[in-house]
$ cat target18.cif   # mmCIF, C-alpha atoms
data_my_file
#
loop_
_atom_site.label_atom_id
_atom_site.label_comp_id
_atom_site.auth_asym_id
_atom_site.auth_seq_id
_atom_site.Cartn_x
_atom_site.Cartn_y
_atom_site.Cartn_z
CA ARG C 1 -3.34 12.89 -22.40
CA LYS C 2 -4.38 9.33 -21.62
CA GLU C 3 -5.18 7.06 -24.54
CA VAL C 4 -8.59 6.19 -23.13
CA GLU C 5 -10.39 8.44 -20.66
CA GLN C 6 -13.51 7.90 -18.61
CA ASP C 7 -15.41 9.79 -15.93
CA PRO C 8 -14.63 7.74 -12.81
CA GLY C 9 -18.04 8.49 -11.23
CA PRO C 10 -19.63 7.16 -9.18
CA PHE C 11 -22.92 7.48 -10.96
CA ASN C 12 -25.61 6.96 -8.33
CA VAL C 13 -28.65 5.61 -10.14
CA PRO C 14 -32.11 4.84 -8.74
CA GLU C 15 -33.29 1.37 -9.55
CA GLY C 16 -35.27 1.40 -12.79
CA ALA C 17 -33.68 4.59 -14.08
CA THR C 18 -31.53 5.09 -17.16
CA VAL C 19 -27.84 5.97 -16.96
CA ALA C 20 -25.42 6.83 -19.72
CA PHE C 21 -21.73 7.65 -19.78
CA ASN C 22 -19.01 8.18 -22.32
CA CYS C 23 -15.43 7.30 -22.98
CA THR C 24 -13.02 9.27 -25.18
CA TYR C 25 -10.01 7.86 -27.01
CA SER C 26 -7.04 9.74 -28.42
CA ASN C 27 -5.91 7.58 -31.34
CA SER C 28 -8.07 8.25 -34.36
CA ALA C 29 -6.76 5.07 -35.99
CA SER C 30 -8.14 2.84 -33.24
CA GLN C 31 -9.79 -0.18 -34.73
CA SER C 32 -12.21 -1.81 -32.31
CA PHE C 33 -14.06 -0.83 -29.18
CA PHE C 34 -15.52 -2.73 -26.27
CA TRP C 35 -17.18 -2.33 -22.92
CA TYR C 36 -16.04 -4.57 -20.09
CA ARG C 37 -17.61 -4.90 -16.68
CA GLN C 38 -15.66 -5.40 -13.47
CA ASP C 39 -17.30 -6.29 -10.18
CA CYS C 40 -15.62 -5.41 -6.92
CA ARG C 41 -12.49 -7.51 -6.35
CA LYS C 42 -13.17 -9.56 -9.48
CA GLU C 43 -11.64 -9.77 -12.92
CA PRO C 44 -12.96 -7.74 -15.88
CA LYS C 45 -15.35 -9.51 -18.24
CA LEU C 46 -16.55 -8.55 -21.69
CA LEU C 47 -19.95 -6.86 -21.63
CA MET C 48 -20.31 -6.03 -25.32
CA SER C 49 -18.49 -4.98 -28.43
CA VAL C 50 -19.25 -1.58 -29.94
CA TYR C 51 -20.09 -1.45 -33.62
CA SER C 52 -20.01 1.57 -35.90
CA SER C 53 -23.75 1.60 -36.35
CA GLY C 54 -24.44 1.23 -32.64
CA ASN C 55 -25.76 -1.90 -31.05
CA GLU C 56 -28.03 -3.15 -28.31
CA ASP C 57 -27.84 -6.10 -26.00
CA GLY C 58 -30.96 -6.24 -23.90
CA ARG C 59 -30.99 -3.19 -21.65
CA PHE C 60 -27.54 -2.07 -22.80
CA THR C 61 -26.92 0.18 -25.80
CA ALA C 62 -23.48 1.09 -27.09
CA GLN C 63 -22.69 3.84 -29.56
CA LEU C 64 -19.54 4.87 -31.41
CA ASN C 65 -18.80 8.37 -32.66
CA ARG C 66 -15.61 8.22 -34.70
CA ALA C 67 -15.69 11.91 -35.65
CA SER C 68 -15.59 12.98 -32.03
CA GLN C 69 -13.65 9.92 -30.89
CA TYR C 70 -15.91 8.70 -28.16
CA ILE C 71 -18.02 5.71 -27.32
CA SER C 72 -20.98 5.58 -25.00
CA LEU C 73 -22.88 3.06 -22.94
CA LEU C 74 -26.49 3.44 -21.91
CA ILE C 75 -28.19 1.20 -19.38
CA ARG C 76 -32.00 1.21 -19.29
CA ASP C 77 -34.18 0.02 -16.43
CA SER C 78 -31.18 -0.28 -14.11
CA LYS C 79 -31.03 -3.27 -11.80
CA LEU C 80 -29.22 -3.52 -8.49
CA SER C 81 -27.02 -6.13 -10.14
CA ASP C 82 -25.80 -3.54 -12.67
CA SER C 83 -23.70 -1.97 -9.91
CA ALA C 84 -20.14 -2.38 -11.13
CA THR C 85 -17.28 -0.56 -12.80
CA TYR C 86 -17.62 -0.28 -16.57
CA LEU C 87 -14.35 -0.25 -18.48
CA CYS C 88 -13.99 1.22 -21.93
CA VAL C 89 -11.51 -0.72 -24.07
CA VAL C 90 -9.88 0.29 -27.33
CA ARG C 91 -7.94 -1.95 -29.69
CA SER C 92 -5.02 -0.40 -31.51
CA ALA C 93 -4.91 -0.21 -35.28
CA ALA C 94 -1.90 -2.48 -35.39
CA GLY C 95 -1.47 -5.66 -33.42
CA ASN C 96 -3.66 -6.99 -30.70
CA LYS C 97 -3.07 -4.41 -28.01
CA LEU C 98 -6.12 -3.57 -25.90
CA THR C 99 -6.00 -0.39 -23.81
CA PHE C 100 -8.37 0.04 -20.89
CA GLY C 101 -9.85 3.24 -19.58
CA GLY C 102 -9.87 3.91 -15.86
CA GLY C 103 -13.47 2.79 -15.52
CA THR C 104 -16.77 4.39 -14.60
CA ARG C 105 -18.30 3.24 -11.37
CA VAL C 106 -22.07 2.79 -11.34
CA LEU C 107 -24.05 2.31 -8.13
CA VAL C 108 -27.69 1.33 -8.50
CA LYS C 109 -29.71 1.96 -5.37
CA PRO C 110 -33.19 0.81 -4.35
CA ASP I 1 -13.75 -25.69 -19.29
CA ALA I 2 -10.80 -24.25 -17.40
CA GLY I 3 -10.33 -20.54 -17.69
CA VAL I 4 -7.11 -18.60 -17.25
CA ILE I 5 -5.38 -19.86 -14.14
CA GLN I 6 -3.14 -17.62 -12.07
CA SER I 7 -1.06 -18.33 -9.03
CA PRO I 8 -0.60 -17.35 -6.33
CA ARG I 9 -3.93 -15.65 -5.64
CA HIS I 10 -2.42 -13.64 -2.82
CA GLU I 11 1.19 -12.87 -1.96
CA VAL I 12 2.60 -10.80 0.82
CA THR I 13 6.33 -10.23 0.74
CA GLU I 14 8.95 -7.88 2.04
CA MET I 15 10.68 -5.20 0.06
CA GLY I 16 13.68 -6.56 -1.79
CA GLN I 17 12.34 -10.08 -2.20
CA GLU I 18 11.81 -11.74 -5.56
CA VAL I 19 8.21 -12.32 -6.64
CA THR I 20 7.14 -14.72 -9.36
CA LEU I 21 3.59 -14.73 -10.68
CA ARG I 22 2.39 -17.56 -12.87
CA CYS I 23 -0.25 -17.88 -15.55
CA LYS I 24 -1.75 -20.70 -17.57
CA PRO I 25 -3.77 -19.34 -20.50
CA ILE I 26 -6.83 -20.98 -21.99
CA SER I 27 -5.82 -23.87 -24.21
CA GLY I 28 -5.75 -22.83 -27.85
CA HIS I 29 -5.39 -19.12 -27.18
CA ASN I 30 -2.33 -17.63 -28.84
CA SER I 31 -2.19 -14.19 -27.20
CA LEU I 32 -1.32 -13.62 -23.57
CA PHE I 33 -1.39 -10.35 -21.68
CA TRP I 34 -0.12 -9.20 -18.29
CA TYR I 35 -1.96 -6.26 -16.72
CA ARG I 36 -1.48 -4.48 -13.42
CA GLN I 37 -4.37 -2.77 -11.63
CA THR I 38 -4.17 -0.14 -8.91
CA MET I 39 -6.68 2.38 -7.64
CA MET I 40 -4.53 5.26 -8.82
CA ARG I 41 -3.61 4.05 -12.31
CA GLY I 42 -6.36 1.60 -13.23
CA LEU I 43 -5.55 -1.33 -15.53
CA GLU I 44 -2.16 -0.95 -17.19
CA LEU I 45 -0.86 -3.27 -19.88
CA LEU I 46 2.60 -4.45 -18.91
CA ILE I 47 3.42 -6.80 -21.76
CA TYR I 48 1.74 -9.06 -24.27
CA PHE I 49 2.81 -12.11 -26.25
CA ASN I 50 1.60 -13.50 -29.56
CA ASN I 51 2.50 -17.14 -30.18
CA ASN I 52 4.87 -17.04 -27.20
CA VAL I 53 6.81 -14.07 -28.61
CA PRO I 54 6.82 -10.76 -26.70
CA ILE I 55 5.24 -8.15 -28.96
CA ASP I 56 4.98 -5.05 -26.81
CA ASP I 57 6.73 -4.66 -23.46
CA SER I 58 6.59 -0.87 -23.38
CA GLY I 59 4.40 -1.00 -20.29
CA MET I 60 6.93 -2.86 -18.18
CA PRO I 61 7.82 -0.29 -15.51
CA GLU I 62 11.54 -0.89 -15.27
CA ASP I 63 14.26 -3.48 -15.36
CA ARG I 64 13.05 -5.00 -12.12
CA PHE I 65 10.17 -6.51 -14.09
CA SER I 66 10.60 -9.38 -16.53
CA ALA I 67 8.17 -11.73 -18.25
CA LYS I 68 8.64 -14.99 -20.06
CA MET I 69 6.50 -17.36 -22.02
CA PRO I 70 8.52 -20.55 -22.56
CA ASN I 71 5.58 -22.37 -24.16
CA ALA I 72 1.97 -21.88 -25.18
CA SER I 73 0.60 -22.99 -21.83
CA PHE I 74 2.69 -21.09 -19.32
CA SER I 75 3.93 -17.59 -18.57
CA THR I 76 5.66 -15.92 -15.65
CA LEU I 77 5.98 -12.35 -14.49
CA LYS I 78 8.92 -11.76 -12.18
CA ILE I 79 9.72 -8.76 -10.00
CA GLN I 80 13.22 -8.61 -8.56
CA PRO I 81 13.74 -6.83 -6.25
CA SER I 82 10.19 -5.97 -5.23
CA GLU I 83 9.25 -2.54 -3.83
CA PRO I 84 6.16 -1.34 -1.94
CA ARG I 85 4.98 0.59 -5.01
CA ASP I 86 4.65 -2.72 -6.84
CA SER I 87 1.68 -3.58 -4.64
CA ALA I 88 -1.24 -4.16 -6.99
CA VAL I 89 -3.45 -6.82 -8.51
CA TYR I 90 -1.72 -8.48 -11.44
CA PHE I 91 -4.02 -9.96 -14.05
CA CYS I 92 -3.14 -12.38 -16.78
CA ALA I 93 -5.47 -12.61 -19.77
CA SER I 94 -5.55 -14.63 -22.95
CA SER I 95 -7.31 -14.41 -26.28
CA LEU I 96 -7.33 -15.60 -29.86
CA SER I 97 -5.49 -12.91 -31.78
CA SER I 98 -7.55 -13.73 -34.82
CA GLY I 99 -10.78 -13.59 -32.87
CA VAL I 100 -13.35 -11.17 -34.24
CA THR I 101 -14.74 -10.19 -30.86
CA GLY I 102 -11.38 -9.31 -29.38
CA GLU I 103 -12.54 -10.76 -26.10
CA LEU I 104 -9.93 -11.07 -23.41
CA PHE I 105 -10.41 -13.77 -20.81
CA PHE I 106 -8.93 -12.75 -17.51
CA GLY I 107 -7.69 -14.87 -14.66
CA GLU I 108 -8.82 -14.06 -11.15
CA GLY I 109 -5.68 -12.06 -10.52
CA SER I 110 -2.75 -12.22 -8.14
CA ARG I 111 -2.99 -9.69 -5.32
CA LEU I 112 0.53 -8.63 -4.37
CA THR I 113 1.41 -6.71 -1.24
CA VAL I 114 5.00 -5.62 -0.75
CA LEU I 115 5.75 -4.42 2.77
#
$ encode --input "target18.cif" --output "structure tokens"
Amino acid sequence: RKEVEQDPGPFNVPEGATVAFNCTYSNSASQSFFWYRQDCRKEPKLLMSVYSSGNEDGRFTAQLNRASQYISLLIRDSKLSDSATYLCVVRSAAGNKLTFGGGTRVLVKP
Amino acid sequence: DAGVIQSPRHEVTEMGQEVTLRCKPISGHNSLFWYRQTMMRGLELLIYFNNNVPIDDSGMPEDRFSAKMPNASFSTLKIQPSEPRDSAVYFCASSLSSGVTGELFFGEGSRLTVL
């Protein structure tokens, strides 16, 4: 089983709609969680951290469920510019090792 | 401010040749990571350094791969001899290990094609 697993998609989303997707992790001792965004042929960039109580950043909402070992990302009022691959990232309990999921591709269409 | 700088951006080489990828992390960052990205396997951590010391190299595929960090501002990833299955985008990233956000700053990547 992979350490971090994501539905690869693509999620085809009409502009203005809401889309949500999850990521599961295998190590229950994982310490920190993040969502990164990667545009086509570009490097990944941090989108947002994921806090235990859940957190919002504008149209983006991240949730953590430690009991079921998954995190989620919800995008409201999708924009064409939200089209990208969203990478789930988990930091190990020890050290500074960050493990990336395979990514979920989101395509927002007019 | 300069971000993570990688070179070369693109490299095309023939099987059996030596490949050296270079990385300059962001000044002041004390953790450096080498990742490899392919369509099939996604982003894989190859090795990471804290304060120039290799901490975890369990992701290095085999002995053909080696990485060094002789000082805080420079790292290399070497493949010798290269094989077609090494074709991928190799990313270098840096961070502050003590940073609360855990944000990794990636370079633009080195796209390697081995023929």
$ closest_residue --input "target18.cif" --among "C:Asn12, C:Gln31, C:Asn96, C:Thr104" --to "Ser97 of chain I" --atoms "all atoms listed in the file"
C:Asn96
$ resolve_selection --input "target18.cif" --expression "the PyMOL selection byres ((chain C) within 9 of (chain I))" --output "ChimeraX atom specification"
/C:32-34,41-46,48-49,91,95-103
$ residues_around --input "target18.cif" --residues "Arg59 of chain C" --least-positions-apart "3" --cutoff "10 Å" --atoms "only C-alpha atoms" --output "list in words"
Thr18, Glu56, Leu74, Ile75, Arg76, Asp77, Ser78 and Lys79 of chain C
$ resolve_selection --input "target18.cif" --expression "the PyMOL selection byres ((chain I and resi 83) around 7)" --output "mmCIF file with C-alpha atoms, in the frame of the given file"
data_model
loop_
_atom_site.group_PDB
_atom_site.id
_atom_site.type_symbol
_atom_site.label_atom_id
_atom_site.label_comp_id
_atom_site.auth_asym_id
_atom_site.auth_seq_id
_atom_site.Cartn_x
_atom_site.Cartn_y
_atom_site.Cartn_z
ATOM 1 C CA MET I 15 10.680 -5.200 0.060
ATOM 2 C CA GLY I 16 13.680 -6.560 -1.790
ATOM 3 C CA PRO I 81 13.740 -6.830 -6.250
ATOM 4 C CA SER I 82 10.190 -5.970 -5.230
ATOM 5 C CA PRO I 84 6.160 -1.340 -1.940
ATOM 6 C CA ARG I 85 4.980 0.590 -5.010
ATOM 7 C CA ASP I 86 4.650 -2.720 -6.840
ATOM 8 C CA VAL I 114 5.000 -5.620 -0.750
#
$ resolve_selection --input "target18.cif" --expression "the PyMOL selection byres ((chain C and resi 83) around 12)" --output "NGL selection string"
:C and (9-15 or 19 or 37-40 or 75 or 78-82 or 84-86 or 104-110)
$ closest_residue --input "target18.cif" --among "I:Leu32, I:Cys23, I:Val53, I:Met60" --to "Phe74 of chain I" --atoms "only C-alpha atoms"
I:Cys23
$ atom_distance --input "target18.cif" --atom1 "atom CA of Pro61 of chain I" --atom2 "atom CA of Arg9 of chain I"
21.7 Å
$ atom_distance --input "target18.cif" --atom1 "atom CA of Pro8 of chain I" --atom2 "atom CA of Gly59 of chain I"
22.1 Å
$ atom_distance --input "target18.cif" --atom1 "atom CA of Gln17 of chain I" --atom2 "atom CA of Asp57 of chain I"
22.6 Å
$ residues_around --input "target18.cif" --residues "Ser66 of chain I" --least-positions-apart "2" --cutoff "8 Å" --atoms "all atoms listed in the file" --output "list in words"
Met60, Asp63, Arg64, Lys68, Leu77, Lys78 and Ile79 of chain I
$ closest_residue --input "target18.cif" --among "C:Ala29, C:Cys88, C:Val4, C:Ala93" --to "Ala67 of chain C" --atoms "only C-alpha atoms"
C:Ala29
$ closest_residue --input "target18.cif" --among "C:Arg1, C:Val50, C:Asp7, C:Thr24" --to "Ala62 of chain C" --atoms "all atoms listed in the file"
C:Val50
$ decode --input "target18.cif" --residues "segment 29-42 of chain C" --atoms "all heavy atoms" --output "PDB file, in the first residue's frame"
ATOM      1  N   ALA C  29       0.962   7.790  12.578  1.00  0.00           N
ATOM      2  CA  ALA C  29       1.788   8.712  13.359  1.00  0.00           C
ATOM      3  C   ALA C  29       2.195   9.946  12.561  1.00  0.00           C
ATOM      4  O   ALA C  29       2.972  10.769  13.055  1.00  0.00           O
ATOM      5  CB  ALA C  29       3.037   7.984  13.857  1.00  0.00           C
ATOM      6  N   SER C  30       1.692  10.082  11.355  1.00  0.00           N
ATOM      7  CA  SER C  30       2.045  11.242  10.533  1.00  0.00           C
ATOM      8  C   SER C  30       1.713  12.518  11.278  1.00  0.00           C
ATOM      9  O   SER C  30       0.711  12.618  11.983  1.00  0.00           O
ATOM     10  CB  SER C  30       1.311  11.207   9.197  1.00  0.00           C
ATOM     11  OG  SER C  30       1.712  10.077   8.450  1.00  0.00           O
ATOM     12  N   GLN C  31       2.580  13.520  11.056  1.00  0.00           N
ATOM     13  CA  GLN C  31       2.527  14.689  11.921  1.00  0.00           C
ATOM     14  C   GLN C  31       1.813  15.876  11.308  1.00  0.00           C
ATOM     15  O   GLN C  31       1.013  16.536  11.962  1.00  0.00           O
ATOM     16  CB  GLN C  31       3.967  15.056  12.252  1.00  0.00           C
ATOM     17  CG  GLN C  31       4.153  16.049  13.354  1.00  0.00           C
ATOM     18  CD  GLN C  31       5.637  16.190  13.649  1.00  0.00           C
ATOM     19  OE1 GLN C  31       6.393  16.578  12.791  1.00  0.00           O
ATOM     20  NE2 GLN C  31       6.030  15.866  14.864  1.00  0.00           N
ATOM     21  N   SER C  32       2.123  16.157  10.046  1.00  0.00           N
ATOM     22  CA  SER C  32       1.595  17.372   9.411  1.00  0.00           C
ATOM     23  C   SER C  32       1.127  17.042   8.009  1.00  0.00           C
ATOM     24  O   SER C  32       1.615  16.097   7.388  1.00  0.00           O
ATOM     25  CB  SER C  32       2.667  18.458   9.341  1.00  0.00           C
ATOM     26  OG  SER C  32       3.300  18.641  10.573  1.00  0.00           O
ATOM     27  N   PHE C  33       0.222  17.900   7.529  1.00  0.00           N
ATOM     28  CA  PHE C  33      -0.431  17.605   6.248  1.00  0.00           C
ATOM     29  C   PHE C  33      -0.564  18.892   5.441  1.00  0.00           C
ATOM     30  O   PHE C  33      -0.799  19.965   6.002  1.00  0.00           O
ATOM     31  CB  PHE C  33      -1.814  16.998   6.503  1.00  0.00           C
ATOM     32  CG  PHE C  33      -1.775  15.839   7.458  1.00  0.00           C
ATOM     33  CD1 PHE C  33      -1.892  16.045   8.828  1.00  0.00           C
ATOM     34  CD2 PHE C  33      -1.590  14.547   6.996  1.00  0.00           C
ATOM     35  CE1 PHE C  33      -1.834  14.989   9.721  1.00  0.00           C
ATOM     36  CE2 PHE C  33      -1.525  13.482   7.883  1.00  0.00           C
ATOM     37  CZ  PHE C  33      -1.637  13.704   9.246  1.00  0.00           C
ATOM     38  N   PHE C  34      -0.423  18.742   4.126  1.00  0.00           N
ATOM     39  CA  PHE C  34      -0.422  19.918   3.269  1.00  0.00           C
ATOM     40  C   PHE C  34      -1.070  19.568   1.936  1.00  0.00           C
ATOM     41  O   PHE C  34      -1.080  18.414   1.515  1.00  0.00           O
ATOM     42  CB  PHE C  34       1.012  20.385   2.990  1.00  0.00           C
ATOM     43  CG  PHE C  34       1.861  20.512   4.234  1.00  0.00           C
ATOM     44  CD1 PHE C  34       2.600  19.434   4.692  1.00  0.00           C
ATOM     45  CD2 PHE C  34       1.903  21.699   4.940  1.00  0.00           C
ATOM     46  CE1 PHE C  34       3.371  19.529   5.835  1.00  0.00           C
ATOM     47  CE2 PHE C  34       2.668  21.813   6.086  1.00  0.00           C
ATOM     48  CZ  PHE C  34       3.405  20.720   6.538  1.00  0.00           C
ATOM     49  N   TRP C  35      -1.555  20.604   1.276  1.00  0.00           N
ATOM     50  CA  TRP C  35      -1.949  20.487  -0.126  1.00  0.00           C
ATOM     51  C   TRP C  35      -1.019  21.369  -0.946  1.00  0.00           C
ATOM     52  O   TRP C  35      -0.822  22.540  -0.621  1.00  0.00           O
ATOM     53  CB  TRP C  35      -3.395  20.926  -0.341  1.00  0.00           C
ATOM     54  CG  TRP C  35      -4.406  19.914   0.103  1.00  0.00           C
ATOM     55  CD1 TRP C  35      -5.169  19.944   1.240  1.00  0.00           C
ATOM     56  CD2 TRP C  35      -4.780  18.721  -0.585  1.00  0.00           C
ATOM     57  NE1 TRP C  35      -5.972  18.844   1.309  1.00  0.00           N
ATOM     58  CE2 TRP C  35      -5.772  18.070   0.195  1.00  0.00           C
ATOM     59  CE3 TRP C  35      -4.376  18.110  -1.784  1.00  0.00           C
ATOM     60  CZ2 TRP C  35      -6.366  16.857  -0.193  1.00  0.00           C
ATOM     61  CZ3 TRP C  35      -4.955  16.918  -2.156  1.00  0.00           C
ATOM     62  CH2 TRP C  35      -5.949  16.291  -1.377  1.00  0.00           C
ATOM     63  N   TYR C  36      -0.464  20.779  -1.995  1.00  0.00           N
ATOM     64  CA  TYR C  36       0.348  21.512  -2.954  1.00  0.00           C
ATOM     65  C   TYR C  36      -0.402  21.522  -4.286  1.00  0.00           C
ATOM     66  O   TYR C  36      -1.203  20.623  -4.585  1.00  0.00           O
ATOM     67  CB  TYR C  36       1.717  20.840  -3.156  1.00  0.00           C
ATOM     68  CG  TYR C  36       2.762  21.232  -2.135  1.00  0.00           C
ATOM     69  CD1 TYR C  36       2.627  20.877  -0.796  1.00  0.00           C
ATOM     70  CD2 TYR C  36       3.891  21.959  -2.516  1.00  0.00           C
ATOM     71  CE1 TYR C  36       3.591  21.237   0.133  1.00  0.00           C
ATOM     72  CE2 TYR C  36       4.857  22.321  -1.596  1.00  0.00           C
ATOM     73  CZ  TYR C  36       4.703  21.949  -0.265  1.00  0.00           C
ATOM     74  OH  TYR C  36       5.661  22.312   0.649  1.00  0.00           O
ATOM     75  N   ARG C  37      -0.089  22.510  -5.083  1.00  0.00           N
ATOM     76  CA  ARG C  37      -0.668  22.617  -6.414  1.00  0.00           C
ATOM     77  C   ARG C  37       0.470  22.556  -7.414  1.00  0.00           C
ATOM     78  O   ARG C  37       1.523  23.164  -7.217  1.00  0.00           O
ATOM     79  CB  ARG C  37      -1.415  23.949  -6.523  1.00  0.00           C
ATOM     80  CG  ARG C  37      -1.839  24.298  -7.927  1.00  0.00           C
ATOM     81  CD  ARG C  37      -2.330  25.710  -8.048  1.00  0.00           C
ATOM     82  NE  ARG C  37      -2.507  26.042  -9.461  1.00  0.00           N
ATOM     83  CZ  ARG C  37      -3.598  26.587  -9.961  1.00  0.00           C
ATOM     84  NH1 ARG C  37      -4.610  26.914  -9.160  1.00  0.00           N
ATOM     85  NH2 ARG C  37      -3.676  26.846 -11.254  1.00  0.00           N
ATOM     86  N   GLN C  38       0.229  21.808  -8.510  1.00  0.00           N
ATOM     87  CA  GLN C  38       1.231  21.749  -9.575  1.00  0.00           C
ATOM     88  C   GLN C  38       0.549  22.009 -10.912  1.00  0.00           C
ATOM     89  O   GLN C  38      -0.346  21.263 -11.312  1.00  0.00           O
ATOM     90  CB  GLN C  38       1.939  20.397  -9.603  1.00  0.00           C
ATOM     91  CG  GLN C  38       3.085  20.350 -10.610  1.00  0.00           C
ATOM     92  CD  GLN C  38       3.889  19.065 -10.529  1.00  0.00           C
ATOM     93  OE1 GLN C  38       3.395  18.030 -10.078  1.00  0.00           O
ATOM     94  NE2 GLN C  38       5.140  19.113 -10.957  1.00  0.00           N
ATOM     95  N   ASP C  39       0.969  23.062 -11.572  1.00  0.00           N
ATOM     96  CA  ASP C  39       0.496  23.349 -12.926  1.00  0.00           C
ATOM     97  C   ASP C  39       1.316  22.528 -13.919  1.00  0.00           C
ATOM     98  O   ASP C  39       2.429  22.086 -13.621  1.00  0.00           O
ATOM     99  CB  ASP C  39       0.608  24.837 -13.219  1.00  0.00           C
ATOM    100  CG  ASP C  39      -0.331  25.658 -12.348  1.00  0.00           C
ATOM    101  OD1 ASP C  39      -1.537  25.337 -12.320  1.00  0.00           O
ATOM    102  OD2 ASP C  39       0.127  26.600 -11.688  1.00  0.00           O
ATOM    103  N   CYS C  40       0.740  22.374 -15.105  1.00  0.00           N
ATOM    104  CA  CYS C  40       1.358  21.535 -16.119  1.00  0.00           C
ATOM    105  C   CYS C  40       2.786  21.991 -16.424  1.00  0.00           C
ATOM    106  O   CYS C  40       3.020  23.179 -16.696  1.00  0.00           O
ATOM    107  CB  CYS C  40       0.499  21.564 -17.382  1.00  0.00           C
ATOM    108  SG  CYS C  40       1.028  20.385 -18.628  1.00  0.00           S
ATOM    109  N   ARG C  41       3.722  21.076 -16.300  1.00  0.00           N
ATOM    110  CA  ARG C  41       5.125  21.320 -16.634  1.00  0.00           C
ATOM    111  C   ARG C  41       5.767  22.393 -15.738  1.00  0.00           C
ATOM    112  O   ARG C  41       6.722  23.052 -16.130  1.00  0.00           O
ATOM    113  CB  ARG C  41       5.286  21.673 -18.106  1.00  0.00           C
ATOM    114  CG  ARG C  41       4.760  20.596 -19.047  1.00  0.00           C
ATOM    115  CD  ARG C  41       4.993  20.969 -20.497  1.00  0.00           C
ATOM    116  NE  ARG C  41       6.367  20.798 -20.895  1.00  0.00           N
ATOM    117  CZ  ARG C  41       6.907  19.667 -21.324  1.00  0.00           C
ATOM    118  NH1 ARG C  41       6.175  18.580 -21.384  1.00  0.00           N
ATOM    119  NH2 ARG C  41       8.179  19.612 -21.684  1.00  0.00           N
ATOM    120  N   LYS C  42       5.212  22.528 -14.533  1.00  0.00           N
ATOM    121  CA  LYS C  42       5.770  23.459 -13.563  1.00  0.00           C
ATOM    122  C   LYS C  42       6.107  22.714 -12.280  1.00  0.00           C
ATOM    123  O   LYS C  42       5.775  21.545 -12.121  1.00  0.00           O
ATOM    124  CB  LYS C  42       4.758  24.567 -13.247  1.00  0.00           C
ATOM    125  CG  LYS C  42       4.412  25.448 -14.438  1.00  0.00           C
ATOM    126  CD  LYS C  42       5.544  26.378 -14.786  1.00  0.00           C
ATOM    127  CE  LYS C  42       5.112  27.397 -15.816  1.00  0.00           C
ATOM    128  NZ  LYS C  42       6.217  28.339 -16.139  1.00  0.00           N
TER     129      LYS C  42
END
